[in-house]
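Remarks on the structure that follows.
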Amino acid sequence: MPDRNDAPAPARTELDELRASDRIFRALLDHAPVLISTKDLHGTITMANRHFEILDGYDAATFVGGNVFDLFPADIAERLWRNDRKAALEKRAVHEEEQVYHRDKTLHSYMTVKFPLLDEHGEVYATCAVSTDITDAKAARIDSVTDELTGLNNRRYYNIRFVEEQKRARRDQRTLTLLLADVDRFKEYNDTYGHPQGDEVLKAVAQCMRQTLHRPGDLCFRMGGDEFACLFSSSGPGESMAMAEQLRNCMAARLLPHAGNPPANHVTLSLGLAFIAPDSQDGQEEIYRLADQALYRAKHKGRNTVSR
Ligand SMILES: Nc1nc2c(ncn2[C@@H]2O[C@H](COP(=O)(O)OP(=O)(O)OP(=O)(O)O)[C@@H](O)[C@H]2O)c(=O)[nH]1
């Protein structure tokens with residue numbers, strides 16, 4: 001009996017090779033935990049992988065072969081189609097974030113990359129979209145820059161945003177203000193009313209900050225303990241001082257009893273401000289030092305005060 005190993009392996013034809021690579025391609029489409037689809041240049045869906053079954057309202061029979069403008073309401077179809085068109089016209093990958101419902105009625109965020117498919121002459125004949133679920137990653141990212149107690153941004157986010165905000169203010173020829181706010185005699189407050197009640201005061205400060213600094217671009221932070229910060233741009237120090245005064249007043253007007261904080265005897269804030277003019281070369285550390293010194297002066301002047 002001939003040894004099986006001696007028999008020459010039959011030559012693999014080009015067709016065999018194609019079939020093998022097609023099997024790999026099919027397995028990838030079936031098992032990849034991402035949404036993969038293709039559309040022709042008229043918006044008709046020509047392929048969608050198995051993962052689409054996770055979407056609410058997905059029906060393979062009507063989806064593949066259907067046109068985005070028939071499958072979705074006009075505004076959604078237009079939005080979905082816009083980046084396919086862009087990818088095809090500009091012959092490049094286009095990224096977008098979108099939100100979709102899963103079958104279990106939970107809303108998910110997806111990061112989608114759309115790119116052109118080229119024929120043998122280098123001409124675009126279709127577009128392909130690959131969407132990855134980024135819901136958990138997004139939630140983790142938000143958690144990592146959010147203060148749990150107040151829901152404000154945390155110090156970490158302050159460090160991330162500072163340089164960006166300084167650049168933006170410089171570009172817009174606006175003054176960037178760093179405002180530091182600190183609850184007056186908060187240790188006394190905790191000692192008298194208890195830590196949980198102290199937490200409620202910190203939440204009230206956050207509410208006043210959101211109420212006062214609510215313009216797009218205004219950023220509020222809890223830096224730690226009873227220290228808060230705001231970064232915002234204004235026409236100049238006068239406008240920034242007025243904003244700080246509004247914040248001081250918002251807290252004082254709440255009249256939250258604080259027997260250990262004479263003469264007001266209710267919860268008050270001290271505030272220190274530092275400014276970066278558009279042409280200033282001061283960096284993050286310098287502006288923080290200046291605002292902290294201003295806060296110290298506010299405490300020294302008798303608290304419940306705004307200083308610069
Ligand atoms: N309730 C509560 N207290 C906190 C929290 N984080 C820090 N603290 C307390 O905040 C207090 C801050 O007090 P200090 O920095 O000494 O300053 P102060 O008593 O506010 O005095 P002045 O700033 O000089 O008016 C400390 O007693 C901390 O224990 C928190 O998350 N919740």
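Residue numbering restarts at 1 in every chain; chains get A, B, ... in the order shown in the structure tokens, and ligands count up from 1 in that same order.
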6 Å from ligand 1 is the threshold here; counting only C-alpha atoms and all ligand atoms, which polymer residues fall inside it? Answer as a PDB file with C-alpha atoms, in the first residue's frame.
ATOM      1  CA  ASP A 182     -13.872  77.447  48.316  1.00  0.00           C
ATOM      2  CA  VAL A 183     -16.609  76.925  50.926  1.00  0.00           C
ATOM      3  CA  ASP A 184     -16.029  79.128  53.968  1.00  0.00           C
ATOM      4  CA  ARG A 185     -15.193  77.276  57.182  1.00  0.00           C
ATOM      5  CA  PHE A 186     -16.320  73.978  55.717  1.00  0.00           C
ATOM      6  CA  LYS A 187     -14.480  71.970  58.356  1.00  0.00           C
ATOM      7  CA  GLU A 188     -16.650  73.666  60.986  1.00  0.00           C
ATOM      8  CA  ASN A 190     -18.884  69.157  58.751  1.00  0.00           C
ATOM      9  CA  HIS A 195     -20.385  64.808  56.724  1.00  0.00           C
ATOM     10  CA  PRO A 196     -23.544  63.755  54.785  1.00  0.00           C
ATOM     11  CA  GLY A 198     -21.612  68.625  54.140  1.00  0.00           C
ATOM     12  CA  ASP A 199     -21.971  66.606  50.961  1.00  0.00           C
ATOM     13  CA  GLY A 225     -12.582  68.580  48.923  1.00  0.00           C
ATOM     14  CA  ASP A 226     -14.432  71.904  49.078  1.00  0.00           C
TER      15      ASP A 226
END
Check the DSSP output for the backbone and give back, as number ranges by chain, the residues of range 90-244 of chain A in strand (DSSP E). A: 94-101, 107-118, 124-133, 153-154, 175-183, 219-224, 227-234
inquiry  = So that I can see what lies close to Ser270 in chain A, please list as a list in words the residues with an atom at most 8 Å from it, counting only C-alpha atoms and leaving out residues fewer than 4 positions away in the same chain.
reply    = Ala181, Asp182, Val183, Asp184, Arg248, Leu295, Ala298, Lys299, Arg303, Asn304, Thr305 and Val306 of chain A
Please produce a file of the residues just selected, as a PDB file, in the first residue's frame, where the atoms kept are C-alpha atoms.
ATOM      1  CA  ALA A 181     -14.097  78.891  44.816  1.00  0.00           C
ATOM      2  CA  ASP A 182     -13.872  77.447  48.316  1.00  0.00           C
ATOM      3  CA  VAL A 183     -16.609  76.925  50.926  1.00  0.00           C
ATOM      4  CA  ASP A 184     -16.029  79.128  53.968  1.00  0.00           C
ATOM      5  CA  ARG A 248     -21.007  84.215  45.307  1.00  0.00           C
ATOM      6  CA  LEU A 295      -8.542  83.166  46.848  1.00  0.00           C
ATOM      7  CA  ALA A 298     -10.628  86.761  49.639  1.00  0.00           C
ATOM      8  CA  LYS A 299     -10.378  84.569  52.764  1.00  0.00           C
ATOM      9  CA  ARG A 303     -14.616  85.495  53.341  1.00  0.00           C
ATOM     10  CA  ASN A 304     -17.887  85.615  51.312  1.00  0.00           C
ATOM     11  CA  THR A 305     -15.849  87.786  48.936  1.00  0.00           C
ATOM     12  CA  VAL A 306     -14.520  87.858  45.360  1.00  0.00           C
TER      13      VAL A 306
END
* Go through A:Ile45, A:Ala74, A:Leu15, A:Ile142 one by one, measure the shortest atom-to-atom distance of each to Ala61 in chain A using only C-alpha atoms, and give the residue with the smallest value. =>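 When distances to Ala61 in chain A are compared using only C-alpha atoms, the smallest one comes from A:Ile45.
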